[in-house]
Amino acid sequence: MNAHDFLFLFLFLFMFILFILSYPLGNFIFKVMNGEKTFLHYFLLPIEKRIYKIAKIDSDESQSWQKYSLDIIIFSAFLFALTFFILKFQHIFPLNPQNFPGLPTDLAFNTAVSFLTNTNWQAYSGETTMSYFSQMVALSSNNFLSAAIGLAACIAIIRGLVQEKSVGLGCFWVDLCRSTLYILLPLSLIFAIFYISQGIIQNFLAYIHVKTLEGVEQILPQGPVASQVAIKLLGVNGGGFFNANAAHPYENPTALSHFFQMISIFLIPSALVFTFGKMANYMKHAFAIWISMTILFLASAILVAYFEYQGNPNFIDTLGLSSSINMEGKEARFGIFSSSLFTSVTTAASCGAVANSHSSLTPLGGMFALINMLLNEVIFGGVGSGLYGMILFIILAVFIAGLMIGRTPEYLGKKIEERDIKIAIIPVISVSFVILVLLAISSMVQSGFSSIGNPGPHGFTEMLYAYTSSAQNNGSAFGSLNANTPFWNYTTSIAMLAGRYLNLIPLLAIAGSLIQKKKKPITENSFKIDGFLFISLLIGTILILGLLVYLPSLSLGPIMEYLQMTNGKIIEIGGK
Amino acid sequence: MIKSIYRCIFLTLILFVLLGGIYPLIVTSVGKIFFPLQSNGGVEYIGSQAVGANLIGQNFSSTKYFHGRPSFAGTLGYDGLSSTPSNLASTNPKLFTDINMHIIKILKGNPTVKRTDIPVELVTYSGSGLDPHISLQSALIQIPRVAKSRNIREDKVTKLVHSSLEKPIFGFFGVDIINVLFLNLKLDNEFNNN
């Protein structure tokens, strides 16, 4: 029995394991963020208290949404500056056995923005650019902290929805510390050690020179990989230690590590849905959200896998092979199904780690990966950002439903008013605006389209994918695009910053406005936010609001390429 | 504002030490104690000479060895410092000229093999450029060549191939694969006729 014969069983098992791991984790996160005691407090509470003392943090403080946002911005700015400095001057820091020089300014800028915004777009190749110090201190810490910012903000936004007339949304510094100490750090430790057992390396050795069986010298890059891989997936960051990311045998050595890498990408975003249910004291609503996410995810997983199995008809027609499955850019040990499943997982969540070449996906397989990102990264999505993105869609869905039946829209007993909707529309419009305008510019400017690596419509898709991935804070890429140029480094940085903060801050603003409103009891007359009707309404809203604006671009790129691939020969080589 | 900046600076520094220093060091120590082979790169030795890593594929072109998948890493392939997929699009003509080149190479080296016998994975570039594995079928079609080149009976090589087959973990995770370096090391070991 193998995965190929039991695709649906495999998918079912995947969702089942995800559920049984993330449901209790959701409860645990609820307790931690609420300041309640858990079993970890025996070891970690003294550390937490010590940190508050040194940094002069008052754990009972409650901040307004403006203060909370301002602290996020100050922290982000400092984190950016520190990371930029380490990368730019990595040659003066220790742990640099290969003596790599400091990064060029545009690349250091892009990388610092990328890891800060939880995107992990990488215009560099890890094994020939980054010292161990840069990877371990600058990039790994950012992996933790950018995820913690998302988690903290998400909890604050939920507080705004479920509490009433309280003074504020909580204290950013406390939320940040708690999510790092109690949630991200212990989970990373467990996963890192599991990964080492599977074969992921973790050392500070200089690169190893070996003489292959045929007598050629081969250099094997080394480094503290497992510790970084654990958090890159749990934090839904996705920045690989090596250039090939999760396809590299040192970063993802077995089918088992592959499976649990996929689980760990979805783990925290999925758990947060249940945390939300617990905080709102409305578990049925949480299940409705979780099921909506699952439906969207399964649809994409099945579609991507279907098109990868269908593969490239030219393998048979032109080359005379007996099968057309698309193994180009995929690793033998994962096989075609697990590889394409990883593609769906990493693009549905805003992870961006890749275990196979996305550029070499079939046109429609690649398109569904792209669509996962275009839907605003709400199919589980990033740590925190996935759920607050989903909350945005729920508010819009509830509003639309309210208009249809002619009643004041309410969510969790709170009135959604004109001002809230106006703010809610900012993220939706601004992110598509950034993607499409940058795409238009790069299609016209020589320094934009000259980076394209494949001919025909695929080249256009490369650019669409790049801006989508950066604006939606995903970070995966059609690697054929040469993104390490000043033009691409700076434009993708703009997209990443816009995508991160134009989602986060408007939602904090909505939370700040809702927290001041009185909560009406939920009665039979209230609009139901669980059950089949709500799930369909939510999925419909996501698809229409998220996708409609991109249809022209999708038909110019992947759809055109699909027609090209299936109609007629691309090249004559007399294979048959 | 000043209070926020003070908090920000101190908190960041503490967390950088914890997350960027203490955490990876704990992971490294645990790895060193419990999984010394894996954490240090899984290097394979013949005598005192390091000949490769169990997870990293190598270039094989000699007729007496099994060959791995095409690699886009570096000009010669399997360059440890240039891990990369080809990123060739499904409609890029170069994808087809390259695959055809790999097919022709296999047909020339293995006269008994037909185009339809060749699995797709043996002629397409891997995701990392360092893929250490091939499928069973990819190994099977190379047996006549290897046996002839080493002047040994085919069934002996076939036996070795089957003994190298790695089954899915728990019978569920993954697919049947063969580690090409392990297989070739076994070949050298058993039929020591360099």
# chains A, B, ... in the order shown; residues from 1 in each chain; ligands from 1

call {"tool": "residues_around", "arguments": {"residues": "Pro455 of chain A", "least_positions_apart": "5", "cutoff": "9 Å", "atoms": "only C-alpha atoms", "output": "number ranges by chain"}}
result
A: 460; B: 89, 91-93

call {"tool": "residues_around", "arguments": {"residues": "segment 45-62 of chain B", "least_positions_apart": "4", "cutoff": "9 Å", "atoms": "only C-alpha atoms", "output": "VMD selection string"}}
result
(chain A and resid 199 208 to 216 218 220 248 to 250 253) or (chain B and resid 41 66 to 71 76 to 80 129 to 133 179 to 182)

call {"tool": "closest_residue", "arguments": {"among": "B:Leu95, B:Leu107, B:Val146, B:Ile178", "to": "Ile134 of chain B", "atoms": "only C-alpha atoms"}}
result
B:Ile178

call {"tool": "closest_residue", "arguments": {"among": "A:Glu417, A:Glu36, A:Glu331, A:Glu572", "to": "chain B", "atoms": "only C-alpha atoms"}}
result
A:Glu331

call {"tool": "residues_around", "arguments": {"residues": "segment 275-279 of chain A", "least_positions_apart": "4", "cutoff": "8 Å", "atoms": "only C-alpha atoms", "output": "PyMOL selection string"}}
result
chain A and resi 26-27+29-30+158-159+162+271+283-287

call {"tool": "closest_residue", "arguments": {"among": "B:Arg153, B:Ala147, B:Ser163, B:Thr97", "to": "Ile573 of chain A", "atoms": "only C-alpha atoms"}}
result
B:Thr97

call {"tool": "closest_residue", "arguments": {"among": "B:Cys8, B:Ile2, B:Ile141, B:Met101", "to": "chain A", "atoms": "only C-alpha atoms"}}
result
B:Cys8
